[in-house]
Amino acid sequence: MYEQPFSTDSTDGGTRLDPVLARSWLLVNGSHADRFEAATRSHADIVVLDIEDAVAPKDKAAARDHVASWLAGGRDDWVRINGFGTQWWAGDCELLAGTSVGGVMLAMVESVDHVTETARMLPGVPIVALVETARGLERITEIAATKGTFRLAFGIGDFRRDTGFGDNPATLAYARSRFTIAARAAHLPSAIDGPTVGSSALKLSEAAAVSAEFGMTGKICLSPDQCSAVNAGLSPSPDDIAWAKEFFAEFNRDGGEIRNGSDLPRIARATKILDLARAYGIGSGDVGYDERGHRPAPSDTYHY
C-alpha cells in the first residue's frame, strides 16, 4: 500500500517521516538561519525551509545562502522555492541542484509546465505542487497527473486572496474536494492542506479535523508548536484503532473468509488504520490477524 516508512529520531524530540505519510509540513523562514536547528528538533514530520513568500525580495540572496550552508552539511530538509516565471525561480533551482535537499515545494503552480520545467532543473527531486489560485485549481487534474508531481498542497491564503473566498470550511469544500479527487485519480499520496493561523490547540484540532474530513492527510504548519496538534489530528484515533482490532478479531472468529459485500471495504479500512498507526508509532500493538490475502482492495477509497 505504501512504501516502507522511515523516521529519523533525535534525543531531543525531532523526528522525520517518509514524505508519503508526512502530516505536518513546517515552513521555516529562510532568512532566519537561527531557527533551522530548532525546527529540526520539533515534532514536524517534514521541515520546509522557505525562500518564497516568507522572504522579502531584498533578503532573497541571504536566504539562499542560509539554505545552501544548511544543506551543505548533508541535511535533507525540504525547501519551498519561488514560482515558475518569477525572477527567482531559475536561481532557486540552480542553488538546489546537486544538493542533499529532500524535495521542493513549488509555489504558485498553475500549469503542467511549471512542474515539468522544475523537474528538468532538479532531476530526481520530489516536487510538492502548491496550488494557490483559481487558474491552478482549474488545471489541478493535469498537474496531479504530471510526471514529477509528488504530492499536491493547497495554498489557502493566496487562493482566498485570488478568489475572494472566506475561510469557512463550507466555502472551501469544493476546492478541498478537487485536491483530494485529483490526487487519488493520479495515484498520488493524499493532498496537503493549507495552514491555520494561531496556536490554539482547539482551533488546530478543529482545522485538522476539517482536513481529514476532506481526505487530506497533511497540513502546512507555520510554527513548531502547531505540529503536535496537527500530527494528532491527522493520525488514526484510539477509537479508530480499537475498531480495526475488533473488526479483525470478529473476522477471524468467523473463519477469516469473506462473508458479504461489506467485508472488503472494511478490511481495507481496518488495514489502513493499523498500517498508519504503526507508521506513526501510535502503538497499535499486535494486529492479531493474518494479512495474507487481506490487503486493501484496489477500489478502496478510505483516506486519512
# chains A, B, ... in the order shown; residues from 1 in each chain; ligands from 1
call {"tool": "residues_around", "arguments": {"residues": "Ala22 of chain A", "least_positions_apart": "2", "cutoff": "7 Å", "atoms": "only C-alpha atoms", "output": "short mmCIF file (atom, residue, chain, number, x, y, z; two decimals) with N, CA, C and O atoms, in the first residue's frame"}}
result
data_model
loop_
_atom_site.label_atom_id
_atom_site.label_comp_id
_atom_site.auth_asym_id
_atom_site.auth_seq_id
_atom_site.Cartn_x
_atom_site.Cartn_y
_atom_site.Cartn_z
N LEU A 17 9.65 11.95 8.94
CA LEU A 17 8.83 10.85 8.47
C LEU A 17 8.86 10.81 6.96
O LEU A 17 9.05 11.84 6.29
N ASP A 18 8.66 9.62 6.43
CA ASP A 18 8.54 9.46 4.98
C ASP A 18 7.55 10.49 4.45
O ASP A 18 6.42 10.58 4.92
N PRO A 19 7.94 11.29 3.45
CA PRO A 19 7.02 12.33 2.94
C PRO A 19 5.75 11.77 2.32
O PRO A 19 4.78 12.51 2.14
N VAL A 20 5.72 10.48 1.99
CA VAL A 20 4.48 9.86 1.53
C VAL A 20 3.42 9.92 2.63
O VAL A 20 2.23 10.12 2.37
N SER A 24 2.60 16.84 9.22
CA SER A 24 2.94 18.24 9.49
C SER A 24 4.12 18.67 8.62
O SER A 24 5.20 18.08 8.68
N ASP A 45 6.86 16.48 10.87
CA ASP A 45 7.23 15.33 10.05
C ASP A 45 8.19 15.73 8.95
O ASP A 45 9.10 14.98 8.60
N ILE A 46 8.00 16.92 8.38
CA ILE A 46 8.88 17.45 7.34
C ILE A 46 9.16 18.92 7.64
O ILE A 46 8.23 19.69 7.94
N GLY A 218 -2.12 15.65 5.08
CA GLY A 218 -1.04 16.50 5.54
C GLY A 218 -1.55 17.92 5.73
O GLY A 218 -2.64 18.27 5.26
#
call {"tool": "residues_around", "arguments": {"residues": "Gly73 of chain A", "least_positions_apart": "5", "cutoff": "10 Å", "atoms": "only C-alpha atoms", "output": "ChimeraX atom specification"}}
result
/A:68,99-100
call {"tool": "residues_around", "arguments": {"residues": "Ile181 of chain A", "least_positions_apart": "3", "cutoff": "12 Å", "atoms": "only C-alpha atoms", "output": "list in words"}}
result
Leu137, Ile140, Thr141, Glu142, Ala144, Ala145, Leu152, Tyr174, Ala175, Arg176, Ser177, Arg178, Arg184, Ala185, Ala186, His187, Leu188, Pro189, Ser190, Ala191, Phe214, Gly215, Met216, Thr301 and His303 of chain A
call {"tool": "select_by_dssp", "arguments": {"residues": "segment 83-281 of chain A", "states": "alpha helix (DSSP H)", "output": "compact mmCIF listing (two decimals) with N, CA and C atoms, in the first residue's frame"}}
result
# COMPACT_ATOMS: atom_id res chain seq x y z
N TRP A 89 12.97 31.95 -9.67
CA TRP A 89 12.77 30.51 -9.83
C TRP A 89 14.03 29.80 -10.33
N ALA A 90 14.60 30.27 -11.42
CA ALA A 90 15.77 29.60 -12.01
C ALA A 90 16.93 29.58 -11.02
N GLY A 91 17.17 30.68 -10.33
CA GLY A 91 18.25 30.73 -9.36
C GLY A 91 18.03 29.78 -8.19
N ASP A 92 16.77 29.65 -7.77
CA ASP A 92 16.46 28.70 -6.70
C ASP A 92 16.79 27.28 -7.13
N CYS A 93 16.40 26.93 -8.35
CA CYS A 93 16.67 25.58 -8.86
C CYS A 93 18.17 25.33 -9.00
N GLU A 94 18.88 26.32 -9.51
CA GLU A 94 20.33 26.17 -9.66
C GLU A 94 21.00 26.00 -8.30
N LEU A 95 20.51 26.71 -7.30
CA LEU A 95 21.05 26.60 -5.95
C LEU A 95 20.92 25.18 -5.42
N LEU A 96 19.77 24.54 -5.67
CA LEU A 96 19.47 23.25 -5.06
C LEU A 96 19.96 22.06 -5.88
N VAL A 112 0.97 22.48 -16.05
CA VAL A 112 1.86 21.33 -16.12
C VAL A 112 3.31 21.78 -16.32
N ASP A 113 3.51 22.80 -17.13
CA ASP A 113 4.87 23.26 -17.44
C ASP A 113 5.63 23.69 -16.19
N HIS A 114 4.92 24.24 -15.22
CA HIS A 114 5.60 24.68 -14.01
C HIS A 114 6.28 23.51 -13.30
N VAL A 115 5.63 22.36 -13.31
CA VAL A 115 6.20 21.17 -12.69
C VAL A 115 7.27 20.55 -13.56
N THR A 116 6.98 20.39 -14.85
CA THR A 116 7.93 19.69 -15.72
C THR A 116 9.24 20.46 -15.85
N GLU A 117 9.16 21.78 -15.91
CA GLU A 117 10.40 22.56 -16.02
C GLU A 117 11.21 22.50 -14.72
N THR A 118 10.52 22.49 -13.60
CA THR A 118 11.22 22.35 -12.33
C THR A 118 11.85 20.98 -12.20
N ALA A 119 11.12 19.95 -12.63
CA ALA A 119 11.68 18.59 -12.60
C ALA A 119 12.88 18.47 -13.52
N ARG A 120 12.86 19.19 -14.63
CA ARG A 120 14.02 19.17 -15.53
C ARG A 120 15.24 19.80 -14.87
N MET A 121 15.02 20.85 -14.11
CA MET A 121 16.13 21.53 -13.44
C MET A 121 16.62 20.74 -12.23
N ALA A 134 -7.16 30.27 -8.63
CA ALA A 134 -8.28 29.68 -9.37
C ALA A 134 -7.76 29.03 -10.66
N ARG A 135 -6.82 29.66 -11.30
CA ARG A 135 -6.25 29.11 -12.53
C ARG A 135 -5.59 27.75 -12.25
N GLY A 136 -4.87 27.65 -11.15
CA GLY A 136 -4.25 26.39 -10.80
C GLY A 136 -5.27 25.32 -10.47
N LEU A 137 -6.33 25.71 -9.74
CA LEU A 137 -7.35 24.74 -9.36
C LEU A 137 -8.06 24.19 -10.60
N GLU A 138 -8.29 25.03 -11.59
CA GLU A 138 -8.95 24.56 -12.81
C GLU A 138 -8.10 23.54 -13.56
N ILE A 140 -5.94 21.37 -11.93
CA ILE A 140 -5.33 20.52 -10.90
C ILE A 140 -5.27 19.05 -11.32
N THR A 141 -6.21 18.59 -12.10
CA THR A 141 -6.18 17.19 -12.54
C THR A 141 -4.94 16.92 -13.39
N GLU A 142 -4.65 17.84 -14.31
CA GLU A 142 -3.47 17.68 -15.17
C GLU A 142 -2.18 17.86 -14.36
N ILE A 143 -2.18 18.78 -13.42
CA ILE A 143 -1.00 19.00 -12.58
C ILE A 143 -0.69 17.75 -11.77
N ALA A 144 -1.74 17.14 -11.20
CA ALA A 144 -1.54 15.94 -10.39
C ALA A 144 -0.99 14.80 -11.22
N ALA A 145 -1.43 14.69 -12.47
CA ALA A 145 -1.02 13.57 -13.33
C ALA A 145 0.33 13.79 -13.99
N ILE A 156 -3.93 28.06 0.80
CA ILE A 156 -5.23 28.66 1.12
C ILE A 156 -5.18 30.18 1.10
N GLY A 157 -4.15 30.77 1.71
CA GLY A 157 -4.10 32.22 1.82
C GLY A 157 -4.15 32.91 0.47
N ASP A 158 -3.28 32.50 -0.44
CA ASP A 158 -3.27 33.11 -1.76
C ASP A 158 -4.52 32.76 -2.56
N PHE A 159 -5.04 31.55 -2.34
CA PHE A 159 -6.27 31.16 -3.04
C PHE A 159 -7.43 32.06 -2.63
N ARG A 160 -7.54 32.34 -1.35
CA ARG A 160 -8.61 33.23 -0.87
C ARG A 160 -8.39 34.65 -1.38
N ARG A 161 -7.15 35.08 -1.43
CA ARG A 161 -6.87 36.42 -1.96
C ARG A 161 -7.24 36.49 -3.43
N ASP A 162 -6.95 35.42 -4.17
CA ASP A 162 -7.23 35.40 -5.61
C ASP A 162 -8.72 35.34 -5.90
N THR A 163 -9.45 34.60 -5.09
CA THR A 163 -10.87 34.36 -5.39
C THR A 163 -11.83 35.22 -4.58
N ALA A 173 -15.09 23.93 0.54
CA ALA A 173 -15.33 22.49 0.37
C ALA A 173 -15.06 22.04 -1.06
N TYR A 174 -15.50 22.81 -2.02
CA TYR A 174 -15.28 22.43 -3.42
C TYR A 174 -13.79 22.35 -3.74
N ALA A 175 -13.04 23.36 -3.30
CA ALA A 175 -11.60 23.38 -3.59
C ALA A 175 -10.90 22.18 -2.95
N ARG A 176 -11.18 21.93 -1.67
CA ARG A 176 -10.53 20.80 -1.00
C ARG A 176 -10.90 19.48 -1.68
N SER A 177 -12.15 19.35 -2.07
CA SER A 177 -12.57 18.12 -2.75
C SER A 177 -11.81 17.92 -4.05
N ARG A 178 -11.58 18.99 -4.78
CA ARG A 178 -10.83 18.88 -6.03
C ARG A 178 -9.41 18.37 -5.78
N PHE A 179 -8.77 18.83 -4.72
CA PHE A 179 -7.43 18.37 -4.39
C PHE A 179 -7.42 16.87 -4.12
N THR A 180 -8.35 16.41 -3.30
CA THR A 180 -8.38 15.00 -2.93
C THR A 180 -8.68 14.12 -4.12
N ILE A 181 -9.64 14.51 -4.93
CA ILE A 181 -10.02 13.70 -6.09
C ILE A 181 -8.89 13.65 -7.10
N ALA A 182 -8.25 14.80 -7.36
CA ALA A 182 -7.14 14.82 -8.32
C ALA A 182 -5.98 13.96 -7.86
N ALA A 183 -5.65 14.04 -6.56
CA ALA A 183 -4.55 13.23 -6.03
C ALA A 183 -4.87 11.75 -6.14
N ARG A 184 -6.07 11.38 -5.77
CA ARG A 184 -6.46 9.97 -5.81
C ARG A 184 -6.46 9.45 -7.23
N ALA A 185 -7.01 10.23 -8.16
CA ALA A 185 -7.08 9.79 -9.55
C ALA A 185 -5.70 9.60 -10.17
N ALA A 201 -4.78 25.11 20.60
CA ALA A 201 -4.90 23.67 20.40
C ALA A 201 -6.28 23.29 19.87
N LEU A 202 -7.31 23.95 20.39
CA LEU A 202 -8.67 23.65 19.94
C LEU A 202 -8.85 24.03 18.47
N LYS A 203 -8.37 25.21 18.12
CA LYS A 203 -8.51 25.67 16.74
C LYS A 203 -7.75 24.75 15.77
N LEU A 204 -6.54 24.35 16.16
CA LEU A 204 -5.76 23.46 15.32
C LEU A 204 -6.41 22.09 15.20
N SER A 205 -6.95 21.60 16.30
CA SER A 205 -7.63 20.31 16.28
C SER A 205 -8.84 20.35 15.36
N GLU A 206 -9.61 21.43 15.44
CA GLU A 206 -10.78 21.57 14.57
C GLU A 206 -10.35 21.69 13.10
N ALA A 207 -9.28 22.42 12.85
CA ALA A 207 -8.80 22.58 11.47
C ALA A 207 -8.29 21.26 10.90
N ALA A 208 -7.57 20.49 11.73
CA ALA A 208 -7.08 19.18 11.27
C ALA A 208 -8.25 18.24 11.00
N ALA A 209 -9.30 18.35 11.80
CA ALA A 209 -10.49 17.52 11.57
C ALA A 209 -11.14 17.85 10.24
N VAL A 210 -11.14 19.13 9.87
CA VAL A 210 -11.66 19.52 8.55
C VAL A 210 -10.80 18.91 7.45
N SER A 211 -9.48 19.00 7.60
CA SER A 211 -8.58 18.41 6.59
C SER A 211 -8.87 16.93 6.43
N ALA A 212 -8.97 16.21 7.55
CA ALA A 212 -9.22 14.77 7.50
C ALA A 212 -10.58 14.46 6.88
N GLU A 213 -11.57 15.29 7.18
CA GLU A 213 -12.91 15.08 6.63
C GLU A 213 -12.90 15.12 5.11
N CYS A 227 2.78 21.65 15.33
CA CYS A 227 2.98 20.33 14.73
C CYS A 227 2.35 19.19 15.51
N SER A 228 2.46 19.21 16.82
CA SER A 228 1.92 18.11 17.60
C SER A 228 0.41 17.99 17.44
N ALA A 229 -0.29 19.12 17.46
CA ALA A 229 -1.75 19.08 17.30
C ALA A 229 -2.13 18.61 15.92
N VAL A 230 -1.40 19.04 14.91
CA VAL A 230 -1.69 18.60 13.54
C VAL A 230 -1.42 17.11 13.39
N ASN A 231 -0.29 16.64 13.94
CA ASN A 231 0.01 15.21 13.86
C ASN A 231 -1.08 14.37 14.51
N ALA A 232 -1.53 14.82 15.68
CA ALA A 232 -2.57 14.07 16.38
C ALA A 232 -3.87 14.07 15.58
N GLY A 233 -4.21 15.22 15.01
CA GLY A 233 -5.46 15.32 14.27
C GLY A 233 -5.48 14.55 12.98
N PRO A 238 -7.59 6.66 18.85
CA PRO A 238 -7.73 5.42 19.63
C PRO A 238 -9.00 4.65 19.28
N ASP A 239 -10.09 5.37 19.01
CA ASP A 239 -11.33 4.70 18.63
C ASP A 239 -11.20 4.00 17.29
N ASP A 240 -10.50 4.66 16.35
CA ASP A 240 -10.27 4.02 15.04
C ASP A 240 -9.49 2.72 15.21
N ILE A 241 -8.43 2.79 15.99
CA ILE A 241 -7.57 1.62 16.18
C ILE A 241 -8.34 0.49 16.89
N ALA A 242 -9.12 0.86 17.90
CA ALA A 242 -9.91 -0.15 18.60
C ALA A 242 -10.91 -0.81 17.66
N TRP A 243 -11.55 0.01 16.82
CA TRP A 243 -12.50 -0.57 15.84
C TRP A 243 -11.80 -1.54 14.91
N ALA A 244 -10.62 -1.16 14.39
CA ALA A 244 -9.90 -2.02 13.45
C ALA A 244 -9.52 -3.35 14.09
N LYS A 245 -9.05 -3.31 15.32
CA LYS A 245 -8.68 -4.55 16.01
C LYS A 245 -9.91 -5.42 16.26
N GLU A 246 -10.98 -4.78 16.68
CA GLU A 246 -12.21 -5.54 16.94
C GLU A 246 -12.76 -6.17 15.66
N PHE A 247 -12.66 -5.43 14.57
CA PHE A 247 -13.15 -5.97 13.31
C PHE A 247 -12.38 -7.23 12.92
N PHE A 248 -11.03 -7.16 13.00
CA PHE A 248 -10.25 -8.33 12.61
C PHE A 248 -10.43 -9.49 13.58
N ALA A 249 -10.64 -9.18 14.85
CA ALA A 249 -10.90 -10.25 15.81
C ALA A 249 -12.20 -10.97 15.45
N GLU A 250 -13.22 -10.22 15.14
CA GLU A 250 -14.50 -10.80 14.73
C GLU A 250 -14.37 -11.56 13.42
N PHE A 251 -13.64 -10.97 12.50
CA PHE A 251 -13.46 -11.58 11.18
C PHE A 251 -12.77 -12.94 11.32
N ASN A 252 -11.75 -12.99 12.16
CA ASN A 252 -11.02 -14.25 12.36
C ASN A 252 -11.89 -15.29 13.09
N ARG A 253 -12.69 -14.83 14.03
CA ARG A 253 -13.59 -15.76 14.73
C ARG A 253 -14.58 -16.42 13.77
N ASP A 263 -17.36 -6.71 3.54
CA ASP A 263 -16.11 -7.12 4.18
C ASP A 263 -14.88 -6.51 3.51
N LEU A 264 -14.81 -6.51 2.19
CA LEU A 264 -13.62 -5.98 1.52
C LEU A 264 -13.38 -4.50 1.86
N PRO A 265 -14.39 -3.63 1.78
CA PRO A 265 -14.13 -2.24 2.19
C PRO A 265 -13.71 -2.11 3.64
N ARG A 266 -14.30 -2.93 4.53
CA ARG A 266 -13.92 -2.84 5.94
C ARG A 266 -12.53 -3.40 6.18
N ILE A 267 -12.15 -4.44 5.47
CA ILE A 267 -10.77 -4.95 5.55
C ILE A 267 -9.80 -3.87 5.12
N ALA A 268 -10.13 -3.20 4.01
CA ALA A 268 -9.26 -2.14 3.51
C ALA A 268 -9.12 -1.01 4.52
N ARG A 269 -10.25 -0.61 5.10
CA ARG A 269 -10.22 0.47 6.07
C ARG A 269 -9.43 0.07 7.31
N ALA A 270 -9.70 -1.11 7.86
CA ALA A 270 -9.03 -1.55 9.08
C ALA A 270 -7.53 -1.72 8.86
N THR A 271 -7.16 -2.26 7.70
CA THR A 271 -5.74 -2.45 7.38
C THR A 271 -5.03 -1.11 7.30
N LYS A 272 -5.66 -0.13 6.65
CA LYS A 272 -5.03 1.18 6.53
C LYS A 272 -4.86 1.84 7.89
N ILE A 273 -5.86 1.74 8.74
CA ILE A 273 -5.77 2.32 10.08
C ILE A 273 -4.58 1.74 10.84
N LEU A 274 -4.45 0.42 10.82
CA LEU A 274 -3.38 -0.22 11.59
C LEU A 274 -2.01 0.03 10.95
N ASP A 275 -1.94 0.06 9.64
CA ASP A 275 -0.68 0.39 8.97
C ASP A 275 -0.22 1.79 9.36
N LEU A 276 -1.16 2.75 9.34
CA LEU A 276 -0.79 4.12 9.70
C LEU A 276 -0.43 4.23 11.17
N ALA A 277 -1.14 3.53 12.03
CA ALA A 277 -0.81 3.56 13.45
C ALA A 277 0.62 3.08 13.69
N ARG A 278 1.01 2.02 13.00
CA ARG A 278 2.39 1.52 13.12
C ARG A 278 3.38 2.55 12.59
N ALA A 279 3.07 3.11 11.42
CA ALA A 279 4.00 4.07 10.80
C ALA A 279 4.20 5.30 11.68
call {"tool": "closest_residue", "arguments": {"among": "A:Pro169, A:Pro57, A:Pro224, A:Gly83", "to": "Phe36 of chain A", "atoms": "only C-alpha atoms"}}
result
A:Pro224
call {"tool": "select_by_dssp", "arguments": {"residues": "segment 57-275 of chain A", "states": "strand (DSSP E)", "output": "list in words"}}
result
Trp78, Val79, Arg80, Ile81, Val104, Met105, Leu106, Ile127, Val128, Ala129, Leu130, Val131, Thr149, Phe150, Arg151, Leu152, Ala153, Phe154, Ile192, Asp193, Gly218, Lys219, Ile220 and Cys221 of chain A
call {"tool": "write_last_selection", "arguments": {"atoms": "N, CA, C and O atoms", "output": "short mmCIF file (atom, residue, chain, number, x, y, z; two decimals), in the first residue's frame"}}
result
data_model
loop_
_atom_site.label_atom_id
_atom_site.label_comp_id
_atom_site.auth_asym_id
_atom_site.auth_seq_id
_atom_site.Cartn_x
_atom_site.Cartn_y
_atom_site.Cartn_z
N TRP A 78 13.48 19.92 3.25
CA TRP A 78 12.86 20.41 2.02
C TRP A 78 13.01 21.92 1.92
O TRP A 78 13.37 22.58 2.90
N VAL A 79 12.73 22.45 0.73
CA VAL A 79 12.80 23.90 0.50
C VAL A 79 11.58 24.32 -0.31
O VAL A 79 11.24 23.69 -1.31
N ARG A 80 10.92 25.39 0.15
CA ARG A 80 9.87 25.98 -0.69
C ARG A 80 10.52 27.03 -1.58
O ARG A 80 11.13 27.99 -1.09
N ILE A 81 10.38 26.84 -2.89
CA ILE A 81 11.03 27.74 -3.84
C ILE A 81 9.99 28.64 -4.52
O ILE A 81 8.80 28.39 -4.48
N VAL A 104 11.30 19.67 -2.97
CA VAL A 104 10.93 21.08 -3.04
C VAL A 104 9.42 21.22 -3.04
O VAL A 104 8.69 20.37 -3.56
N MET A 105 8.95 22.29 -2.42
CA MET A 105 7.56 22.71 -2.52
C MET A 105 7.55 23.89 -3.49
O MET A 105 8.13 24.94 -3.20
N LEU A 106 6.95 23.68 -4.64
CA LEU A 106 6.96 24.68 -5.71
C LEU A 106 5.75 25.58 -5.59
O LEU A 106 4.61 25.11 -5.69
N ILE A 127 8.65 16.79 -5.96
CA ILE A 127 8.06 18.13 -6.04
C ILE A 127 6.65 18.10 -5.48
O ILE A 127 5.79 17.35 -5.96
N VAL A 128 6.42 18.89 -4.44
CA VAL A 128 5.06 19.14 -3.97
C VAL A 128 4.55 20.37 -4.72
O VAL A 128 5.14 21.45 -4.64
N ALA A 129 3.48 20.18 -5.48
CA ALA A 129 2.91 21.27 -6.27
C ALA A 129 1.94 22.05 -5.40
O ALA A 129 0.88 21.55 -5.02
N LEU A 130 2.31 23.29 -5.06
CA LEU A 130 1.50 24.15 -4.23
C LEU A 130 0.56 24.96 -5.12
O LEU A 130 0.99 25.88 -5.83
N VAL A 131 -0.70 24.58 -5.14
CA VAL A 131 -1.70 25.22 -5.99
C VAL A 131 -2.41 26.28 -5.17
O VAL A 131 -2.97 25.99 -4.11
N THR A 149 5.24 15.43 -10.29
CA THR A 149 4.43 15.82 -9.13
C THR A 149 4.42 14.69 -8.11
O THR A 149 4.02 13.57 -8.41
N PHE A 150 4.85 15.00 -6.90
CA PHE A 150 4.92 14.01 -5.82
C PHE A 150 3.69 14.06 -4.93
O PHE A 150 3.10 13.04 -4.59
N ARG A 151 3.29 15.28 -4.52
CA ARG A 151 2.05 15.50 -3.79
C ARG A 151 1.50 16.86 -4.17
O ARG A 151 2.23 17.71 -4.72
N LEU A 152 0.24 17.07 -3.88
CA LEU A 152 -0.39 18.37 -4.06
C LEU A 152 -0.52 19.05 -2.71
O LEU A 152 -0.70 18.40 -1.68
N ALA A 153 -0.46 20.38 -2.70
CA ALA A 153 -0.68 21.15 -1.48
C ALA A 153 -1.56 22.35 -1.80
O ALA A 153 -1.46 22.94 -2.89
N PHE A 154 -2.41 22.72 -0.86
CA PHE A 154 -3.39 23.78 -1.03
C PHE A 154 -2.86 25.06 -0.38
O PHE A 154 -2.74 25.14 0.84
N ILE A 192 -2.00 17.83 0.79
CA ILE A 192 -1.59 18.57 1.98
C ILE A 192 -2.45 19.82 2.07
O ILE A 192 -2.50 20.62 1.13
N ASP A 193 -3.13 20.00 3.19
CA ASP A 193 -3.99 21.17 3.36
C ASP A 193 -3.16 22.39 3.74
O ASP A 193 -2.02 22.28 4.19
N GLY A 218 -2.12 15.65 5.08
CA GLY A 218 -1.04 16.50 5.54
C GLY A 218 -1.55 17.92 5.73
O GLY A 218 -2.64 18.27 5.26
N LYS A 219 -0.77 18.73 6.44
CA LYS A 219 -1.16 20.12 6.66
C LYS A 219 0.09 20.96 6.85
O LYS A 219 1.02 20.56 7.56
N ILE A 220 0.12 22.12 6.20
CA ILE A 220 1.23 23.05 6.37
C ILE A 220 1.14 23.69 7.75
O ILE A 220 0.06 24.07 8.21
N CYS A 221 2.27 23.77 8.43
CA CYS A 221 2.35 24.40 9.75
C CYS A 221 3.21 25.66 9.66
O CYS A 221 4.19 25.70 8.91
#
